[in-house]
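Shown next, in structure tokens, is the structure this report addresses.
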Amino acid sequence: MSLDYDLISFESLLTEEERLLQKNVRSFVDSAIKPNIAGWYEDAVFPLEIVPEMAKLGLLGMHLKGYGCAGRSAVEYGLAGAELEAGDSGLRTFVSVQGSLAMSAIYKHGSEEQKKEWLPQMAAGEAIGCFGLTEPTAGSDPAGMKTFARRDGDDWVINGAKRWIGLASVAKVAVIWAQTDDGVRGFVVPTDTAGFTATPIEPKLSMRASIQCDIELTDVRLPADALLPNAKGLRGPFECLNEARYGIIWGSMGAARDAWQVAVDYSKERLQFDKPLAGYQLTQEKLVNMALEINKGFLLALHLGRLKDAGQLQPHQISVGKLNNCREAIEIARECRSILGGNGITLDYSPLRHANNLESVRTYEGTDEVHTLVLGNKITGIPAFR
């Protein structure tokens, strides 16, 4: 499949090493994901069998250094995310939950013992992790979480509930955030701990080739060293969420690019009134307008990635990327479906599957409304969240 979308020689802005990584991940997606994704999506199956292959490519915790992690740059992580989401949002989400959330929490906030115990296993795909922040009544406002961890001698005992937690039912370890008498704290919780129950949320109309769960925590007793020592308050989980949000900036454009390319190829082959759809002015206008937004979206992602690698990326800039690229990607996927007509509602083609997935991507790690208010606060200096 040619990359017709690249009207500005975007790939010339990448280093040889970045292009090689992009090529390798794209090859993996083309061979291991795209031929199977319609079936996985239809059957609502997350393909655990591809996790070892992802690990061999160094995709798990790929932006972390040491502990068996690949130590790749932010731009390389983003390029990989775009290629994975060109396959399916659910597969890129796996890499995000594993690396940007669960592994990052332990890497950024954990003790040396916690890092040595879990990060090598997770980088190798031998242990899957999850990140328990969102609750049934606390999504955009995590400060409203009800899950509570109390001290009982030297132990901690956690009670509460989490919702929309990716991978929880297949995870070996969970990072659980809870209120304490000392503010919000994070805990490393082996999922075989008594009182920990994860139940997949079904059925779903989006992210079907992915796992999201409800978690119940009933008198989950943990030793003192389960506490993440370097995370106190909401800054701890937010630092991890920003890693995940950054990946979405790239990933959403990968989904848009794939949907667009499918629409281009289809429009060249589909005849109407003895002429290919691509030969009509209205079709060409749609394809051009979408290509412009894809090019701009990738340029924005690359700029933010370069800032991140330089240690200069600001939280509000992540909101710029997440808000813009998700918003554009879902409109592109929907427009591509319109070019495919009735055939576009089948799983023979990717645009509507991408559009359905992007409904979730647009919602998690901060809704449009939340990121709009982050930017409104930046512009005006007036917080309007309440």
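Here's how to read the names in the structure tokens: chain A, B, ... by the order shown, residue numbers from 1 in each chain, ligand numbers from 1 in the order shown.
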**Q.** Residue neighbourhood Ala329 of chain A, 7 Å, only C-alpha atoms, exclusion window fewer than 2 positions, as a ChimeraX atom specification
**A.** /A:252-253,256,325-327,331-333
N, CA and C atoms of the current selection, written as a PDB file, in the first residue's frame:
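Output file out.pdb follows:
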```
ATOM      1  N   SER A 252      -3.776   8.200  16.839  1.00  0.00           N
ATOM      2  CA  SER A 252      -5.011   8.597  16.167  1.00  0.00           C
ATOM      3  C   SER A 252      -4.757   8.933  14.704  1.00  0.00           C
ATOM      4  N   MET A 253      -3.609   9.528  14.413  1.00  0.00           N
ATOM      5  CA  MET A 253      -3.278   9.829  13.024  1.00  0.00           C
ATOM      6  C   MET A 253      -2.961   8.562  12.238  1.00  0.00           C
ATOM      7  N   ALA A 256      -6.328   7.353  11.194  1.00  0.00           N
ATOM      8  CA  ALA A 256      -6.831   8.219  10.116  1.00  0.00           C
ATOM      9  C   ALA A 256      -6.140   7.907   8.799  1.00  0.00           C
ATOM     10  N   ASN A 325      -5.817  16.020  17.163  1.00  0.00           N
ATOM     11  CA  ASN A 325      -5.640  14.842  16.323  1.00  0.00           C
ATOM     12  C   ASN A 325      -6.770  13.825  16.493  1.00  0.00           C
ATOM     13  N   CYS A 326      -7.294  13.672  17.706  1.00  0.00           N
ATOM     14  CA  CYS A 326      -8.447  12.779  17.868  1.00  0.00           C
ATOM     15  C   CYS A 326      -9.669  13.336  17.153  1.00  0.00           C
ATOM     16  N   ARG A 327      -9.885  14.621  17.290  1.00  0.00           N
ATOM     17  CA  ARG A 327     -11.052  15.244  16.659  1.00  0.00           C
ATOM     18  C   ARG A 327     -10.997  15.099  15.143  1.00  0.00           C
ATOM     19  N   GLU A 331     -13.312  12.360  12.372  1.00  0.00           N
ATOM     20  CA  GLU A 331     -14.024  12.932  11.230  1.00  0.00           C
ATOM     21  C   GLU A 331     -13.505  12.337   9.925  1.00  0.00           C
ATOM     22  N   ILE A 332     -12.197  12.115   9.850  1.00  0.00           N
ATOM     23  CA  ILE A 332     -11.616  11.507   8.653  1.00  0.00           C
ATOM     24  C   ILE A 332     -12.139  10.084   8.469  1.00  0.00           C
ATOM     25  N   ALA A 333     -12.158   9.301   9.534  1.00  0.00           N
ATOM     26  CA  ALA A 333     -12.632   7.921   9.429  1.00  0.00           C
ATOM     27  C   ALA A 333     -14.092   7.883   8.973  1.00  0.00           C
TER      28      ALA A 333
END
```
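For Ala149 of chain A, the list of residues within 6 Å, based on only C-alpha atoms and with local chain neighbours fewer than 5 positions off taken out, reads Val157, Ile158, Ala178 and Thr180 of chain A.
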**Q.** Between atom CA of Glu293 of chain A and atom CA of Asp6 of chain A, distance in Å (one decimal)
**A.** 10.9 Å
Q) Which polymer residues have any atom within 8 Å of an atom of Leu375 of chain A, counting only C-alpha atoms, with same-chain residues fewer than 4 positions away left out, as a ChimeraX atom specification? A) /A:316,319-320,371,379
Please, could you write that set of residues out with all heavy atoms as a PDB file, in the first residue's frame?
```pdb
ATOM      1  N   HIS A 316       0.082  21.388  28.596  1.00  0.00           N
ATOM      2  CA  HIS A 316      -0.963  21.958  27.737  1.00  0.00           C
ATOM      3  C   HIS A 316      -0.702  21.652  26.263  1.00  0.00           C
ATOM      4  O   HIS A 316      -1.635  21.575  25.454  1.00  0.00           O
ATOM      5  CB  HIS A 316      -1.080  23.474  27.957  1.00  0.00           C
ATOM      6  CG  HIS A 316      -0.008  24.291  27.301  1.00  0.00           C
ATOM      7  ND1 HIS A 316       1.195  24.563  27.913  1.00  0.00           N
ATOM      8  CD2 HIS A 316       0.049  24.882  26.074  1.00  0.00           C
ATOM      9  CE1 HIS A 316       1.942  25.289  27.106  1.00  0.00           C
ATOM     10  NE2 HIS A 316       1.280  25.499  25.991  1.00  0.00           N
ATOM     11  N   SER A 319      -2.274  18.488  25.428  1.00  0.00           N
ATOM     12  CA  SER A 319      -3.708  18.697  25.201  1.00  0.00           C
ATOM     13  C   SER A 319      -3.977  19.194  23.793  1.00  0.00           C
ATOM     14  O   SER A 319      -4.981  18.815  23.173  1.00  0.00           O
ATOM     15  CB  SER A 319      -4.271  19.675  26.231  1.00  0.00           C
ATOM     16  OG  SER A 319      -4.329  19.090  27.518  1.00  0.00           O
ATOM     17  N   VAL A 320      -3.109  20.060  23.268  1.00  0.00           N
ATOM     18  CA  VAL A 320      -3.258  20.527  21.885  1.00  0.00           C
ATOM     19  C   VAL A 320      -3.276  19.332  20.936  1.00  0.00           C
ATOM     20  O   VAL A 320      -4.154  19.189  20.077  1.00  0.00           O
ATOM     21  CB  VAL A 320      -2.119  21.488  21.495  1.00  0.00           C
ATOM     22  CG1 VAL A 320      -2.161  21.785  19.988  1.00  0.00           C
ATOM     23  CG2 VAL A 320      -2.215  22.788  22.276  1.00  0.00           C
ATOM     24  N   HIS A 371      -9.747  18.611  27.680  1.00  0.00           N
ATOM     25  CA  HIS A 371      -8.580  19.221  27.037  1.00  0.00           C
ATOM     26  C   HIS A 371      -8.888  20.643  26.548  1.00  0.00           C
ATOM     27  O   HIS A 371      -8.006  21.512  26.561  1.00  0.00           O
ATOM     28  CB  HIS A 371      -8.082  18.343  25.896  1.00  0.00           C
ATOM     29  CG  HIS A 371      -7.424  17.082  26.384  1.00  0.00           C
ATOM     30  ND1 HIS A 371      -6.237  17.101  27.087  1.00  0.00           N
ATOM     31  CD2 HIS A 371      -7.779  15.785  26.302  1.00  0.00           C
ATOM     32  CE1 HIS A 371      -5.892  15.862  27.404  1.00  0.00           C
ATOM     33  NE2 HIS A 371      -6.815  15.049  26.941  1.00  0.00           N
ATOM     34  N   ILE A 379      -4.953  29.814  27.984  1.00  0.00           N
ATOM     35  CA  ILE A 379      -5.125  31.043  27.216  1.00  0.00           C
ATOM     36  C   ILE A 379      -5.586  32.209  28.074  1.00  0.00           C
ATOM     37  O   ILE A 379      -5.088  33.340  27.951  1.00  0.00           O
ATOM     38  CB  ILE A 379      -6.127  30.793  26.057  1.00  0.00           C
ATOM     39  CG1 ILE A 379      -5.496  29.866  25.010  1.00  0.00           C
ATOM     40  CG2 ILE A 379      -6.559  32.109  25.401  1.00  0.00           C
ATOM     41  CD1 ILE A 379      -6.498  29.311  24.010  1.00  0.00           C
TER      42      ILE A 379
END
```
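Candidate residues A:Glu126, A:Glu216, A:Asp43, A:Asp225 were compared for distance to Ala194 of chain A, and the nearest is A:Glu216, using only C-alpha atoms.
Among the candidate residues A:Ala209, A:Ala355, A:Ile33, A:Val184, the one lying nearest to Phe94 of chain A is A:Ala209, with distances computed using only C-alpha atoms.
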Where in segment 76-209 of chain A does DSSP assign strand (DSSP E or B), given as a PDB file with N, CA, C and O atoms, in the first residue's frame?
```pdb
ATOM      1  N   GLY A 129       0.487  -5.754  32.606  1.00  0.00           N
ATOM      2  CA  GLY A 129       0.112  -4.842  33.679  1.00  0.00           C
ATOM      3  C   GLY A 129      -1.140  -4.058  33.343  1.00  0.00           C
ATOM      4  O   GLY A 129      -1.545  -3.952  32.183  1.00  0.00           O
ATOM      5  N   CYS A 130      -1.773  -3.514  34.365  1.00  0.00           N
ATOM      6  CA  CYS A 130      -2.901  -2.610  34.174  1.00  0.00           C
ATOM      7  C   CYS A 130      -2.764  -1.433  35.130  1.00  0.00           C
ATOM      8  O   CYS A 130      -1.920  -1.444  36.032  1.00  0.00           O
ATOM      9  N   PHE A 131      -3.599  -0.427  34.938  1.00  0.00           N
ATOM     10  CA  PHE A 131      -3.462   0.863  35.621  1.00  0.00           C
ATOM     11  C   PHE A 131      -4.841   1.273  36.118  1.00  0.00           C
ATOM     12  O   PHE A 131      -5.709   1.656  35.325  1.00  0.00           O
ATOM     13  N   GLY A 132      -5.064   1.143  37.413  1.00  0.00           N
ATOM     14  CA  GLY A 132      -6.391   1.355  37.975  1.00  0.00           C
ATOM     15  C   GLY A 132      -6.582   2.739  38.557  1.00  0.00           C
ATOM     16  O   GLY A 132      -6.277   2.965  39.733  1.00  0.00           O
ATOM     17  N   GLU A 135     -12.843   5.330  38.009  1.00  0.00           N
ATOM     18  CA  GLU A 135     -13.851   4.640  38.815  1.00  0.00           C
ATOM     19  C   GLU A 135     -15.239   4.826  38.206  1.00  0.00           C
ATOM     20  O   GLU A 135     -15.429   5.672  37.324  1.00  0.00           O
ATOM     21  N   ALA A 138     -15.922   8.371  38.918  1.00  0.00           N
ATOM     22  CA  ALA A 138     -14.796   9.312  38.861  1.00  0.00           C
ATOM     23  C   ALA A 138     -13.991   9.043  37.606  1.00  0.00           C
ATOM     24  O   ALA A 138     -13.083   8.219  37.595  1.00  0.00           O
ATOM     25  N   PHE A 148     -10.234   3.465  48.761  1.00  0.00           N
ATOM     26  CA  PHE A 148      -9.478   3.935  49.930  1.00  0.00           C
ATOM     27  C   PHE A 148      -8.543   2.838  50.418  1.00  0.00           C
ATOM     28  O   PHE A 148      -8.916   1.658  50.478  1.00  0.00           O
ATOM     29  N   ALA A 149      -7.331   3.248  50.745  1.00  0.00           N
ATOM     30  CA  ALA A 149      -6.342   2.345  51.332  1.00  0.00           C
ATOM     31  C   ALA A 149      -6.069   2.803  52.767  1.00  0.00           C
ATOM     32  O   ALA A 149      -5.663   3.944  52.992  1.00  0.00           O
ATOM     33  N   ARG A 150      -6.297   1.903  53.723  1.00  0.00           N
ATOM     34  CA  ARG A 150      -6.046   2.250  55.128  1.00  0.00           C
ATOM     35  C   ARG A 150      -4.889   1.412  55.665  1.00  0.00           C
ATOM     36  O   ARG A 150      -4.643   0.294  55.210  1.00  0.00           O
ATOM     37  N   ARG A 151      -4.213   1.967  56.648  1.00  0.00           N
ATOM     38  CA  ARG A 151      -3.154   1.224  57.309  1.00  0.00           C
ATOM     39  C   ARG A 151      -3.752   0.257  58.328  1.00  0.00           C
ATOM     40  O   ARG A 151      -4.695   0.573  59.017  1.00  0.00           O
ATOM     41  N   ASP A 152      -3.164  -0.929  58.377  1.00  0.00           N
ATOM     42  CA  ASP A 152      -3.527  -1.922  59.388  1.00  0.00           C
ATOM     43  C   ASP A 152      -2.223  -2.555  59.857  1.00  0.00           C
ATOM     44  O   ASP A 152      -1.728  -3.496  59.238  1.00  0.00           O
ATOM     45  N   ASP A 155       0.635  -3.293  57.263  1.00  0.00           N
ATOM     46  CA  ASP A 155      -0.013  -3.580  55.980  1.00  0.00           C
ATOM     47  C   ASP A 155      -0.872  -2.413  55.512  1.00  0.00           C
ATOM     48  O   ASP A 155      -1.187  -1.487  56.270  1.00  0.00           O
ATOM     49  N   TRP A 156      -1.279  -2.520  54.236  1.00  0.00           N
ATOM     50  CA  TRP A 156      -2.313  -1.665  53.658  1.00  0.00           C
ATOM     51  C   TRP A 156      -3.503  -2.546  53.299  1.00  0.00           C
ATOM     52  O   TRP A 156      -3.315  -3.668  52.811  1.00  0.00           O
ATOM     53  N   VAL A 157      -4.706  -2.023  53.487  1.00  0.00           N
ATOM     54  CA  VAL A 157      -5.924  -2.741  53.094  1.00  0.00           C
ATOM     55  C   VAL A 157      -6.741  -1.812  52.195  1.00  0.00           C
ATOM     56  O   VAL A 157      -7.096  -0.690  52.601  1.00  0.00           O
ATOM     57  N   ILE A 158      -7.020  -2.283  50.979  1.00  0.00           N
ATOM     58  CA  ILE A 158      -7.693  -1.448  49.976  1.00  0.00           C
ATOM     59  C   ILE A 158      -9.102  -1.962  49.725  1.00  0.00           C
ATOM     60  O   ILE A 158      -9.322  -3.164  49.531  1.00  0.00           O
ATOM     61  N   ASN A 159     -10.061  -1.027  49.693  1.00  0.00           N
ATOM     62  CA  ASN A 159     -11.435  -1.324  49.308  1.00  0.00           C
ATOM     63  C   ASN A 159     -11.898  -0.287  48.293  1.00  0.00           C
ATOM     64  O   ASN A 159     -11.591   0.914  48.432  1.00  0.00           O
ATOM     65  N   GLY A 160     -12.611  -0.747  47.293  1.00  0.00           N
ATOM     66  CA  GLY A 160     -13.125   0.189  46.302  1.00  0.00           C
ATOM     67  C   GLY A 160     -13.418  -0.493  44.989  1.00  0.00           C
ATOM     68  O   GLY A 160     -13.476  -1.729  44.890  1.00  0.00           O
ATOM     69  N   ALA A 161     -13.642   0.320  43.949  1.00  0.00           N
ATOM     70  CA  ALA A 161     -13.980  -0.200  42.621  1.00  0.00           C
ATOM     71  C   ALA A 161     -13.343   0.690  41.559  1.00  0.00           C
ATOM     72  O   ALA A 161     -13.232   1.908  41.728  1.00  0.00           O
ATOM     73  N   LYS A 162     -12.931   0.068  40.473  1.00  0.00           N
ATOM     74  CA  LYS A 162     -12.393   0.772  39.316  1.00  0.00           C
ATOM     75  C   LYS A 162     -13.161   0.330  38.073  1.00  0.00           C
ATOM     76  O   LYS A 162     -13.707  -0.770  38.019  1.00  0.00           O
ATOM     77  N   ARG A 163     -13.208   1.195  37.066  1.00  0.00           N
ATOM     78  CA  ARG A 163     -13.942   0.866  35.836  1.00  0.00           C
ATOM     79  C   ARG A 163     -13.164   1.337  34.611  1.00  0.00           C
ATOM     80  O   ARG A 163     -12.419   2.287  34.678  1.00  0.00           O
ATOM     81  N   TRP A 164     -13.372   0.635  33.526  1.00  0.00           N
ATOM     82  CA  TRP A 164     -12.695   0.899  32.258  1.00  0.00           C
ATOM     83  C   TRP A 164     -11.177   0.736  32.391  1.00  0.00           C
ATOM     84  O   TRP A 164     -10.414   1.545  31.886  1.00  0.00           O
ATOM     85  N   ILE A 165     -10.771  -0.334  33.057  1.00  0.00           N
ATOM     86  CA  ILE A 165      -9.348  -0.581  33.277  1.00  0.00           C
ATOM     87  C   ILE A 165      -8.855  -1.586  32.231  1.00  0.00           C
ATOM     88  O   ILE A 165      -9.214  -2.766  32.255  1.00  0.00           O
ATOM     89  N   GLY A 166      -8.039  -1.098  31.315  1.00  0.00           N
ATOM     90  CA  GLY A 166      -7.529  -1.940  30.251  1.00  0.00           C
ATOM     91  C   GLY A 166      -6.672  -3.078  30.764  1.00  0.00           C
ATOM     92  O   GLY A 166      -5.832  -2.898  31.647  1.00  0.00           O
ATOM     93  N   VAL A 173      -0.119  -7.935  37.176  1.00  0.00           N
ATOM     94  CA  VAL A 173       0.118  -6.896  38.169  1.00  0.00           C
ATOM     95  C   VAL A 173      -0.737  -5.677  37.837  1.00  0.00           C
ATOM     96  O   VAL A 173      -0.934  -5.353  36.664  1.00  0.00           O
ATOM     97  N   ALA A 174      -1.259  -5.040  38.864  1.00  0.00           N
ATOM     98  CA  ALA A 174      -2.061  -3.827  38.702  1.00  0.00           C
ATOM     99  C   ALA A 174      -1.436  -2.697  39.507  1.00  0.00           C
ATOM    100  O   ALA A 174      -0.984  -2.914  40.640  1.00  0.00           O
ATOM    101  N   VAL A 175      -1.402  -1.516  38.907  1.00  0.00           N
ATOM    102  CA  VAL A 175      -1.068  -0.309  39.661  1.00  0.00           C
ATOM    103  C   VAL A 175      -2.392   0.335  40.039  1.00  0.00           C
ATOM    104  O   VAL A 175      -3.154   0.773  39.175  1.00  0.00           O
ATOM    105  N   ILE A 176      -2.689   0.341  41.329  1.00  0.00           N
ATOM    106  CA  ILE A 176      -3.974   0.834  41.827  1.00  0.00           C
ATOM    107  C   ILE A 176      -3.755   2.142  42.582  1.00  0.00           C
ATOM    108  O   ILE A 176      -2.899   2.235  43.471  1.00  0.00           O
ATOM    109  N   TRP A 177      -4.545   3.142  42.218  1.00  0.00           N
ATOM    110  CA  TRP A 177      -4.487   4.445  42.882  1.00  0.00           C
ATOM    111  C   TRP A 177      -5.658   4.543  43.861  1.00  0.00           C
ATOM    112  O   TRP A 177      -6.793   4.186  43.528  1.00  0.00           O
ATOM    113  N   ALA A 178      -5.362   5.013  45.056  1.00  0.00           N
ATOM    114  CA  ALA A 178      -6.380   5.056  46.110  1.00  0.00           C
ATOM    115  C   ALA A 178      -6.170   6.264  47.003  1.00  0.00           C
ATOM    116  O   ALA A 178      -5.036   6.745  47.180  1.00  0.00           O
ATOM    117  N   GLN A 179      -7.259   6.730  47.572  1.00  0.00           N
ATOM    118  CA  GLN A 179      -7.174   7.747  48.623  1.00  0.00           C
ATOM    119  C   GLN A 179      -6.578   7.105  49.881  1.00  0.00           C
ATOM    120  O   GLN A 179      -6.833   5.925  50.174  1.00  0.00           O
ATOM    121  N   THR A 180      -5.809   7.884  50.612  1.00  0.00           N
ATOM    122  CA  THR A 180      -5.318   7.462  51.926  1.00  0.00           C
ATOM    123  C   THR A 180      -5.453   8.652  52.868  1.00  0.00           C
ATOM    124  O   THR A 180      -5.838   9.748  52.453  1.00  0.00           O
ATOM    125  N   ASP A 181      -5.122   8.443  54.114  1.00  0.00           N
ATOM    126  CA  ASP A 181      -5.122   9.570  55.058  1.00  0.00           C
ATOM    127  C   ASP A 181      -4.041  10.581  54.711  1.00  0.00           C
ATOM    128  O   ASP A 181      -4.035  11.694  55.255  1.00  0.00           O
ATOM    129  N   GLY A 183      -3.428  11.499  51.399  1.00  0.00           N
ATOM    130  CA  GLY A 183      -3.631  11.869  50.001  1.00  0.00           C
ATOM    131  C   GLY A 183      -3.646  10.656  49.082  1.00  0.00           C
ATOM    132  O   GLY A 183      -3.596   9.503  49.516  1.00  0.00           O
ATOM    133  N   VAL A 184      -3.701  10.895  47.761  1.00  0.00           N
ATOM    134  CA  VAL A 184      -3.742   9.824  46.771  1.00  0.00           C
ATOM    135  C   VAL A 184      -2.374   9.161  46.678  1.00  0.00           C
ATOM    136  O   VAL A 184      -1.347   9.831  46.546  1.00  0.00           O
ATOM    137  N   ARG A 185      -2.362   7.840  46.756  1.00  0.00           N
ATOM    138  CA  ARG A 185      -1.128   7.066  46.643  1.00  0.00           C
ATOM    139  C   ARG A 185      -1.343   5.913  45.666  1.00  0.00           C
ATOM    140  O   ARG A 185      -2.475   5.470  45.428  1.00  0.00           O
ATOM    141  N   GLY A 186      -0.234   5.408  45.143  1.00  0.00           N
ATOM    142  CA  GLY A 186      -0.275   4.286  44.217  1.00  0.00           C
ATOM    143  C   GLY A 186       0.268   3.024  44.860  1.00  0.00           C
ATOM    144  O   GLY A 186       1.172   3.086  45.710  1.00  0.00           O
ATOM    145  N   PHE A 187      -0.271   1.876  44.436  1.00  0.00           N
ATOM    146  CA  PHE A 187       0.121   0.586  45.003  1.00  0.00           C
ATOM    147  C   PHE A 187       0.351  -0.422  43.882  1.00  0.00           C
ATOM    148  O   PHE A 187      -0.401  -0.454  42.898  1.00  0.00           O
ATOM    149  N   VAL A 188       1.385  -1.243  44.053  1.00  0.00           N
ATOM    150  CA  VAL A 188       1.654  -2.343  43.130  1.00  0.00           C
ATOM    151  C   VAL A 188       0.946  -3.573  43.676  1.00  0.00           C
ATOM    152  O   VAL A 188       1.287  -4.075  44.749  1.00  0.00           O
ATOM    153  N   VAL A 189      -0.045  -4.060  42.922  1.00  0.00           N
ATOM    154  CA  VAL A 189      -0.927  -5.114  43.413  1.00  0.00           C
ATOM    155  C   VAL A 189      -0.854  -6.328  42.483  1.00  0.00           C
ATOM    156  O   VAL A 189      -1.376  -6.273  41.356  1.00  0.00           O
ATOM    157  N   PRO A 190      -0.233  -7.420  42.901  1.00  0.00           N
ATOM    158  CA  PRO A 190      -0.346  -8.656  42.112  1.00  0.00           C
ATOM    159  C   PRO A 190      -1.811  -9.049  42.005  1.00  0.00           C
ATOM    160  O   PRO A 190      -2.549  -9.025  42.993  1.00  0.00           O
ATOM    161  N   PHE A 196      -9.021  -9.240  44.954  1.00  0.00           N
ATOM    162  CA  PHE A 196      -8.910  -8.527  43.674  1.00  0.00           C
ATOM    163  C   PHE A 196      -9.691  -9.309  42.623  1.00  0.00           C
ATOM    164  O   PHE A 196      -9.394 -10.466  42.353  1.00  0.00           O
ATOM    165  N   THR A 197     -10.689  -8.659  42.018  1.00  0.00           N
ATOM    166  CA  THR A 197     -11.511  -9.301  40.992  1.00  0.00           C
ATOM    167  C   THR A 197     -11.631  -8.375  39.794  1.00  0.00           C
ATOM    168  O   THR A 197     -11.998  -7.204  39.946  1.00  0.00           O
ATOM    169  N   ALA A 198     -11.321  -8.903  38.601  1.00  0.00           N
ATOM    170  CA  ALA A 198     -11.450  -8.128  37.365  1.00  0.00           C
ATOM    171  C   ALA A 198     -12.444  -8.817  36.445  1.00  0.00           C
ATOM    172  O   ALA A 198     -12.324 -10.025  36.188  1.00  0.00           O
ATOM    173  N   THR A 199     -13.417  -8.047  35.935  1.00  0.00           N
ATOM    174  CA  THR A 199     -14.467  -8.598  35.073  1.00  0.00           C
ATOM    175  C   THR A 199     -14.525  -7.795  33.780  1.00  0.00           C
ATOM    176  O   THR A 199     -14.767  -6.580  33.812  1.00  0.00           O
ATOM    177  N   PRO A 200     -14.310  -8.437  32.622  1.00  0.00           N
ATOM    178  CA  PRO A 200     -14.385  -7.699  31.352  1.00  0.00           C
ATOM    179  C   PRO A 200     -15.749  -7.056  31.145  1.00  0.00           C
ATOM    180  O   PRO A 200     -16.786  -7.633  31.502  1.00  0.00           O
TER     181      PRO A 200
END
```
Q: Find the distance between atom CA of Arg337 of chain A and atom CA of Leu352 of chain A and write it in Å to one decimal.
A: 5.9 Å
Do you know which residues are at most 8 Å from segment 73-79 of chain A counting only C-alpha atoms, after dropping those on the same chain fewer than 5 positions away, and could you put them as an mmCIF file with C-alpha atoms, in the first residue's frame?
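Resulting contents of around07.cif:
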```cif
data_model
loop_
_atom_site.group_PDB
_atom_site.id
_atom_site.type_symbol
_atom_site.label_atom_id
_atom_site.label_comp_id
_atom_site.auth_asym_id
_atom_site.auth_seq_id
_atom_site.Cartn_x
_atom_site.Cartn_y
_atom_site.Cartn_z
ATOM 1 C CA GLU A 18 13.396 6.372 12.970
ATOM 2 C CA LEU A 21 11.755 1.399 13.274
ATOM 3 C CA GLN A 22 8.679 2.672 11.431
ATOM 4 C CA LEU A 59 7.516 -2.222 21.887
ATOM 5 C CA MET A 62 9.980 1.059 24.635
ATOM 6 C CA HIS A 63 10.585 4.648 25.791
ATOM 7 C CA TYR A 246 1.286 11.706 23.987
ATOM 8 C CA GLY A 247 1.034 8.296 22.311
ATOM 9 C CA ILE A 249 -1.435 12.074 19.356
ATOM 10 C CA TRP A 250 0.441 9.761 17.000
ATOM 11 C CA GLY A 251 -1.869 6.764 17.196
ATOM 12 C CA ALA A 301 2.910 14.965 16.502
ATOM 13 C CA LEU A 302 6.517 15.167 15.300
ATOM 14 C CA GLY A 305 7.814 14.501 19.968
ATOM 15 C CA ARG A 306 10.934 16.541 19.316
ATOM 16 C CA LYS A 308 9.496 15.744 24.435
ATOM 17 C CA ASP A 309 12.887 14.338 23.510
#
```
Q: Might you pull out every residue within 9 Å of segment 277-290 of chain A, with only C-alpha atoms counted and same-chain residues fewer than 6 positions away left off, and present them as JSON, numbers by chain?
A: {"A": [5, 256, 260, 263, 264, 265, 266, 267, 268, 269, 270, 271, 328, 329, 331, 332, 335, 336, 339]}
Output C-alpha atoms for every residue in the selection just made, as a PDB file, in the first residue's frame.
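Output file part12.pdb is given in full below:
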```pdb
ATOM      1  CA  TYR A   5      -1.059  10.838   2.006  1.00  0.00           C
ATOM      2  CA  ALA A 256      -6.831   8.219  10.116  1.00  0.00           C
ATOM      3  CA  TRP A 260      -7.831   7.354   4.223  1.00  0.00           C
ATOM      4  CA  ALA A 263     -10.796   5.044   0.833  1.00  0.00           C
ATOM      5  CA  VAL A 264      -8.296   6.146  -1.833  1.00  0.00           C
ATOM      6  CA  ASP A 265      -7.707   2.603  -3.042  1.00  0.00           C
ATOM      7  CA  TYR A 266     -11.423   1.826  -3.062  1.00  0.00           C
ATOM      8  CA  SER A 267     -12.308   5.030  -4.910  1.00  0.00           C
ATOM      9  CA  LYS A 268      -9.864   4.193  -7.693  1.00  0.00           C
ATOM     10  CA  GLU A 269     -11.428   0.771  -8.246  1.00  0.00           C
ATOM     11  CA  ARG A 270     -15.134   1.400  -7.619  1.00  0.00           C
ATOM     12  CA  LEU A 271     -16.990   2.401 -10.788  1.00  0.00           C
ATOM     13  CA  GLU A 328      -9.679  15.225  13.121  1.00  0.00           C
ATOM     14  CA  ALA A 329      -9.076  11.471  13.023  1.00  0.00           C
ATOM     15  CA  GLU A 331     -14.024  12.932  11.230  1.00  0.00           C
ATOM     16  CA  ILE A 332     -11.616  11.507   8.653  1.00  0.00           C
ATOM     17  CA  GLU A 335     -15.729  10.646   5.806  1.00  0.00           C
ATOM     18  CA  CYS A 336     -13.794   7.680   4.472  1.00  0.00           C
ATOM     19  CA  ILE A 339     -16.738   7.169   0.210  1.00  0.00           C
TER      20      ILE A 339
END
```
Q: List every residue of segment 13-201 of chain A that DSSP, applied to the backbone of this structure, assigns to helix (DSSP H, G or I), and report them as JSON, numbers by chain.
A: {"A": [13, 16, 17, 18, 19, 20, 21, 22, 23, 24, 25, 26, 27, 28, 29, 30, 31, 32, 33, 37, 38, 39, 40, 41, 42, 43, 48, 49, 50, 51, 52, 53, 54, 55, 56, 74, 75, 76, 77, 78, 79, 80, 81, 82, 83, 84, 85, 86, 87, 89, 90, 91, 92, 93, 94, 95, 96, 97, 98, 99, 100, 101, 102, 103, 104, 105, 106, 107, 108, 109, 112, 113, 114, 115, 116, 117, 118, 119, 120, 121, 122, 123, 142, 143, 144]}
Q. Which is closest to Asn242 of chain A among A:Asp258, A:Glu365, A:Asp182, A:Asp88, if we use only C-alpha atoms?
A. A:Glu365
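Relative to atom CA of Ser104 of chain A, atom CA of Ala70 of chain A is found at 13.3 Å.
Between Ile8 of chain A and the candidates A:Tyr107, A:Tyr41, A:Phe298, A:Phe385, the tightest atom-to-atom separation, counting only C-alpha atoms, involves A:Phe298.
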Q: List the neighbours of Gly87 of chain A out to 12 Å using only C-alpha atoms; skip same-chain residues closer than 2 positions along the sequence, and give me the result as a PyMOL selection string.
A: chain A and resi 25-38+40-41+80-85+89-93+209+251-259+349-351+353-354+357
Q.
Applying 8 Å and only C-alpha atoms, which residues near Ser140 of chain A remain after dropping the ones on its own chain fewer than 4 positions away? List them as a PyMOL selection string.
A. chain A and resi 366-367+370
Residues from last step as file, C-alpha atoms, as an mmCIF file, in the first residue's frame:
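Full text of result-v3.cif as output:
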```cif
data_model
loop_
_atom_site.group_PDB
_atom_site.id
_atom_site.type_symbol
_atom_site.label_atom_id
_atom_site.label_comp_id
_atom_site.auth_asym_id
_atom_site.auth_seq_id
_atom_site.Cartn_x
_atom_site.Cartn_y
_atom_site.Cartn_z
ATOM 1 C CA GLY A 366 -9.123 13.186 28.784
ATOM 2 C CA THR A 367 -12.259 14.007 26.826
ATOM 3 C CA VAL A 370 -11.378 18.408 29.473
#
```
